[in-house]
Every structure is written in structure tokens, then in C-alpha cells.
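Note: the block below is final-v6.cif and it holds mmCIF, C-alpha atoms.
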```
data_data
#
loop_
_atom_site.group_PDB
_atom_site.id
_atom_site.type_symbol
_atom_site.label_atom_id
_atom_site.label_comp_id
_atom_site.auth_asym_id
_atom_site.auth_seq_id
_atom_site.Cartn_x
_atom_site.Cartn_y
_atom_site.Cartn_z
ATOM 1 C CA MET A 1 68.279 -28.635 -18.925
ATOM 2 C CA ARG A 2 65.652 -30.923 -17.493
ATOM 3 C CA LYS A 3 66.199 -29.524 -13.977
ATOM 4 C CA SER A 4 65.799 -25.949 -15.151
ATOM 5 C CA LEU A 5 62.606 -26.838 -17.059
ATOM 6 C CA PHE A 6 61.101 -28.339 -13.888
ATOM 7 C CA LEU A 7 62.271 -25.307 -11.929
ATOM 8 C CA TYR A 8 60.620 -22.936 -14.423
ATOM 9 C CA LEU A 9 57.413 -24.993 -14.377
ATOM 10 C CA PHE A 10 57.439 -25.053 -10.583
ATOM 11 C CA VAL A 11 57.959 -21.262 -10.366
ATOM 12 C CA PHE A 12 55.287 -20.734 -13.035
ATOM 13 C CA ALA A 13 52.825 -22.946 -11.090
ATOM 14 C CA VAL A 14 53.580 -21.044 -7.841
ATOM 15 C CA VAL A 15 53.059 -17.685 -9.564
ATOM 16 C CA ILE A 16 49.774 -18.865 -11.175
ATOM 17 C CA ASN A 17 48.581 -20.189 -7.804
ATOM 18 C CA LEU A 18 49.554 -16.919 -6.119
ATOM 19 C CA PHE A 19 47.688 -14.839 -8.706
ATOM 20 C CA THR A 20 44.668 -17.154 -8.512
ATOM 21 C CA TYR A 21 44.664 -16.952 -4.714
ATOM 22 C CA MET A 22 44.899 -13.146 -4.796
ATOM 23 C CA TRP A 23 42.155 -12.875 -7.436
ATOM 24 C CA PHE A 24 39.720 -15.110 -5.502
ATOM 25 C CA THR A 25 40.527 -13.318 -2.243
ATOM 26 C CA GLN A 26 39.788 -9.919 -3.805
ATOM 27 C CA GLN A 27 36.699 -11.309 -5.540
ATOM 28 C CA GLN A 28 35.361 -12.647 -2.247
ATOM 29 C CA LYS A 29 36.021 -9.311 -0.542
ATOM 30 C CA HIS A 30 34.313 -7.455 -3.397
ATOM 31 C CA ASP A 31 31.305 -9.819 -3.321
ATOM 32 C CA GLY A 32 31.035 -9.388 0.448
ATOM 33 C CA GLU A 33 30.967 -5.590 0.067
ATOM 34 C CA ARG A 34 28.306 -5.858 -2.654
ATOM 35 C CA ILE A 35 26.173 -8.104 -0.451
ATOM 36 C CA VAL A 36 26.404 -5.648 2.449
ATOM 37 C CA LYS A 37 25.484 -2.760 0.137
ATOM 38 C CA ILE A 38 22.483 -4.637 -1.320
ATOM 39 C CA GLN A 39 21.321 -5.627 2.171
ATOM 40 C CA GLN A 40 21.427 -1.961 3.229
ATOM 41 C CA GLN A 41 19.415 -0.967 0.150
ATOM 42 C CA LEU A 42 16.851 -3.681 0.857
ATOM 43 C CA LYS A 43 16.564 -2.591 4.488
ATOM 44 C CA THR A 44 16.039 1.014 3.401
ATOM 45 C CA SER A 45 13.397 -0.080 0.885
ATOM 46 C CA ARG A 46 11.668 -2.277 3.449
ATOM 47 C CA ASP A 47 11.652 0.537 6.007
ATOM 48 C CA SER A 48 10.186 2.986 3.504
ATOM 49 C CA LEU A 49 7.488 0.471 2.540
ATOM 50 C CA HIS A 50 6.692 -0.106 6.197
ATOM 51 C CA ASP A 51 6.446 3.635 6.818
ATOM 52 C CA GLY A 52 4.268 4.019 3.724
ATOM 53 C CA GLY A 53 1.938 1.311 4.978
ATOM 54 C CA ALA A 54 1.631 3.051 8.326
ATOM 55 C CA ASP A 55 0.806 6.294 6.534
ATOM 56 C CA ALA A 56 -1.831 4.563 4.423
ATOM 57 C CA LYS A 57 -3.517 3.219 7.550
ATOM 58 C CA TYR A 58 -3.366 6.569 9.359
ATOM 59 C CA PHE A 59 -6.728 7.746 8.025
ATOM 60 C CA THR A 60 -8.880 4.796 8.988
ATOM 61 C CA LEU A 61 -11.449 4.338 11.693
ATOM 62 C CA ALA A 62 -9.545 1.344 13.085
ATOM 63 C CA THR A 63 -6.471 3.462 13.878
ATOM 64 C CA ASN A 64 -8.261 6.642 14.945
ATOM 65 C CA ASP A 65 -8.357 6.466 18.742
ATOM 66 C CA GLU A 66 -10.414 9.638 19.120
ATOM 67 C CA ALA A 67 -13.134 8.326 16.796
ATOM 68 C CA LEU A 68 -13.133 4.958 18.579
ATOM 69 C CA ASP A 69 -13.465 6.768 21.914
ATOM 70 C CA TYR A 70 -16.373 8.756 20.466
ATOM 71 C CA PHE A 71 -18.202 5.531 19.625
ATOM 72 C CA ALA A 72 -17.314 3.943 22.970
ATOM 73 C CA ASP A 73 -18.739 6.983 24.821
ATOM 74 C CA ARG A 74 -22.019 6.429 22.955
ATOM 75 C CA GLY A 75 -22.175 2.737 23.837
ATOM 76 C CA PHE A 76 -20.836 1.222 20.626
ATOM 77 C CA MET A 77 -18.225 -1.202 21.901
ATOM 78 C CA ASN A 78 -18.046 -3.415 18.812
ATOM 79 C CA THR A 79 -16.805 -0.960 16.174
ATOM 80 C CA ASP A 80 -16.174 -3.764 13.676
ATOM 81 C CA SER A 81 -19.872 -4.593 13.431
ATOM 82 C CA LEU A 82 -20.711 -0.881 13.424
ATOM 83 C CA SER A 83 -18.247 -0.294 10.567
ATOM 84 C CA GLN A 84 -19.777 -3.174 8.658
ATOM 85 C CA LYS A 85 -23.284 -1.764 9.219
ATOM 86 C CA ILE A 86 -22.206 1.688 7.988
ATOM 87 C CA THR A 87 -20.479 0.216 4.924
ATOM 88 C CA GLU A 88 -23.448 -2.003 4.086
ATOM 89 C CA GLY A 89 -25.740 1.023 4.368
ATOM 90 C CA VAL A 90 -23.704 2.844 1.735
ATOM 91 C CA LEU A 91 -23.530 -0.171 -0.584
ATOM 92 C CA GLU A 92 -27.248 -0.978 -0.203
ATOM 93 C CA GLN A 93 -28.003 2.311 -1.932
ATOM 94 C CA ASN A 94 -26.456 0.839 -5.099
ATOM 95 C CA GLU A 95 -29.788 -0.957 -5.550
ATOM 96 C CA ASN A 96 -31.482 2.346 -6.425
ATOM 97 C CA PRO A 97 -32.638 2.159 -10.088
ATOM 98 C CA ALA A 98 -31.027 5.531 -10.833
ATOM 99 C CA GLY A 99 -27.730 4.520 -9.224
ATOM 100 C CA ASN A 100 -26.313 5.288 -5.826
ATOM 101 C CA PRO A 101 -27.557 8.767 -4.807
ATOM 102 C CA LEU A 102 -24.440 9.300 -2.654
ATOM 103 C CA THR A 103 -22.360 9.734 -5.829
ATOM 104 C CA ASP A 104 -24.298 12.940 -6.672
ATOM 105 C CA ASN A 105 -24.294 11.930 -10.346
ATOM 106 C CA GLU A 106 -27.103 11.073 -12.724
ATOM 107 C CA PRO A 107 -26.595 8.090 -15.055
ATOM 108 C CA ILE A 108 -24.486 8.885 -18.137
ATOM 109 C CA ASP A 109 -25.259 7.058 -21.384
ATOM 110 C CA GLY A 110 -27.742 4.914 -19.490
ATOM 111 C CA LYS A 111 -25.057 3.658 -17.090
ATOM 112 C CA LYS A 112 -25.770 4.321 -13.434
ATOM 113 C CA PHE A 113 -23.047 5.143 -10.915
ATOM 114 C CA LEU A 114 -22.404 2.569 -8.203
ATOM 115 C CA ILE A 115 -20.106 2.752 -5.207
ATOM 116 C CA ASN A 116 -17.359 0.127 -5.411
ATOM 117 C CA LYS A 117 -15.260 0.679 -2.312
ATOM 118 C CA VAL A 118 -15.870 2.386 1.018
ATOM 119 C CA GLN A 119 -13.323 3.528 3.607
ATOM 120 C CA LEU A 120 -14.414 4.888 6.979
ATOM 121 C CA LEU A 121 -12.067 7.720 7.904
ATOM 122 C CA ASN A 122 -13.392 8.625 11.337
ATOM 123 C CA HIS A 123 -16.636 8.946 13.305
ATOM 124 C CA ARG A 124 -18.166 11.269 10.693
ATOM 125 C CA TRP A 125 -16.603 10.810 7.252
ATOM 126 C CA ILE A 126 -16.445 8.146 4.595
ATOM 127 C CA ILE A 127 -14.503 8.224 1.363
ATOM 128 C CA ALA A 128 -15.974 6.158 -1.440
ATOM 129 C CA ASP A 129 -14.818 5.101 -4.905
ATOM 130 C CA TYR A 130 -17.527 4.844 -7.563
ATOM 131 C CA SER A 131 -17.932 4.259 -11.273
ATOM 132 C CA ASN A 132 -20.427 3.489 -13.996
ATOM 133 C CA GLY A 133 -18.079 1.043 -15.688
ATOM 134 C CA THR A 134 -16.213 3.623 -17.775
ATOM 135 C CA ILE A 135 -16.205 6.809 -15.691
ATOM 136 C CA TRP A 136 -14.640 6.847 -12.218
ATOM 137 C CA GLY A 137 -14.903 9.175 -9.260
ATOM 138 C CA ASP A 138 -14.655 9.642 -5.514
ATOM 139 C CA ALA A 139 -17.103 10.961 -2.946
ATOM 140 C CA LEU A 140 -16.686 12.334 0.553
ATOM 141 C CA ILE A 141 -19.721 11.287 2.565
ATOM 142 C CA GLN A 142 -20.750 12.399 6.022
ATOM 143 C CA TYR A 143 -22.704 9.985 8.188
ATOM 144 C CA PHE A 144 -24.625 10.274 11.423
ATOM 145 C CA ILE A 145 -25.844 7.594 13.784
ATOM 146 C CA GLU A 146 -29.213 8.704 15.092
ATOM 147 C CA ASP A 147 -30.468 7.988 18.611
ATOM 148 C CA ASP A 148 -32.710 5.211 17.299
ATOM 149 C CA GLY A 149 -29.684 3.492 15.675
ATOM 150 C CA THR A 150 -30.458 4.449 12.089
ATOM 151 C CA ILE A 151 -27.661 5.836 9.988
ATOM 152 C CA THR A 152 -28.122 8.833 7.721
ATOM 153 C CA TYR A 153 -25.742 9.791 4.942
ATOM 154 C CA LYS A 154 -24.992 13.119 3.275
ATOM 155 C CA THR A 155 -22.612 13.630 0.355
ATOM 156 C CA LEU A 156 -20.245 16.503 1.125
ATOM 157 C CA GLN A 157 -18.310 16.463 -2.141
ATOM 158 C CA SER A 158 -18.197 14.290 -5.220
ATOM 159 C CA THR A 159 -15.761 14.360 -8.100
ATOM 160 C CA ILE A 160 -15.332 12.575 -11.415
ATOM 161 C CA TYR A 161 -11.877 12.032 -12.833
ATOM 162 C CA PRO A 162 -11.706 14.051 -16.069
ATOM 163 C CA GLY A 163 -9.520 11.503 -17.873
ATOM 164 C CA THR A 164 -12.226 8.863 -17.628
ATOM 165 C CA ILE A 165 -14.886 10.900 -19.444
ATOM 166 C CA ARG A 166 -14.906 10.120 -23.166
#
```
Represent the structure from my file as C-alpha cells, please.
Amino acid sequence: MRKSLFLYLFVFAVVINLFTYMWFTQQQKHDGERIVKIQQQLKTSRDSLHDGGADAKYFTLATNDEALDYFADRGFMNTDSLSQKITEGVLEQNENPAGNPLTDNEPIDGKKFLINKVQLLNHRWIIADYSNGTIWGDALIQYFIEDDGTITYKTLQSTIYPGTIR
């Protein structure tokens, strides 16, 4: 009786070990497949983010070779300082007591409109974000660099987001 009990316990232990081995083997295989699948999803997400970033930078002066060539043909080799000068010229107009005239908006409720952010699109256009603290909008501004080096600005279009007007 004692021999058969040890035999049953031995067989039981072998079967438990076999099942445990099979379960961990399958679990490891399953985990490996999940890791590969997650890595593929992450790669796809990363690639789409990278492509989105490239698209976001497409409409900038820094990536517009034709606009950079335009400035180079006119003797402006340092486009970074030129971009800074153009941007500062737009932002300096915020000092106007009635608000920045490039927004094409009069003050509302005594709050003047000021340009917050400027993005140079090419050798002629700027897009600007503006607000008066509660109302927001965008403006498309055209700029020209005169022969004497002065920069003139002209608002082509300005819009206020309807949801921000109360």
C-alpha cells in the first residue's frame, strides 16, 4: 500500500509539473506575441506622430526653400535675424493704445486686441494668433521688405472665433 501511495504521488507530481511547464510555456509564447503586437502599434503611432510633425513644419519659413532663396537673392543671408526682425515688428504694434492694428478689430468692452503668437509662412505671409483676454482670433498678414530695409505690414484677413464671443 505504501509503494502504491508513493507511486500515485510521484505520478501526480509529474502530471502537475507537466501541466505547469505547458502553462508557463504557452504563457511565455502568448506574452511574446503581445509584446510584438504592442511594439508594432507603438511604431505605427510613432511614425504617424513623426509624419504629423513634418506636416506641421511644412508651412514655415525655415522649411520653405523657395522663400529662403527669395531672401538670399535679395542679399538676406541670415534669415533667422530677418525672421526675428519681422516678428518683432508685428509684436511692437501691440504697444498701440487701441490695440494691435494688424488684428483689424477695435477694442471690445474696453479690452484691446493684442497679437500673441506669430508664424512666418513664407516670404510674404504671416499667420498670427490674437486675443483680448476673452475673445480669440487669427489674422493673415502680408509683409514687404522695402528697399531701405523697413518692413511694412498689411492685414489680408482677420477672423474671430465665434465661440469665444460672449
Given the PyMOL selection byres ((chain A and resi 60) around 9), the residues it picks as a PyMOL selection string: chain A and resi 56-59+61-64+119-122
Given the file above and the PyMOL selection byres ((chain A and resi 81-86) around 12), which residues are selected, and can you give them as JSON, numbers by chain? {"A": [60, 61, 62, 67, 68, 71, 72, 75, 76, 77, 78, 79, 80, 87, 88, 89, 90, 91, 92, 93, 118, 119, 120, 121, 122, 123, 124, 125, 126, 141, 142, 143, 144, 145, 149, 150, 151, 152, 153]}
Interatomic distance between atom CA of Trp136 of chain A and atom CA of Asn116 of chain A? 9.9 Å
Distance of atom CA of Tyr130 of chain A from atom CA of Ala98 of chain A, expressed in Å to one decimal place: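 Spanning atom CA of Ala98 of chain A to atom CA of Tyr130 of chain A is a straight-line distance of 13.9 Å.
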At a cut-off of 9 Å, using all atoms listed in the file, what residues contact Pro101 of chain A? Leave out same-chain residues fewer than 5 positions from it and give the result as a list in words.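 That gives Gln93, Asn94, Asn96, Glu106, Phe113, Leu114 and Thr155 of chain A.
The interatomic distance for the pair atom CA of Ile108 of chain A and atom CA of Ser131 of chain A works out to 10.6 Å.
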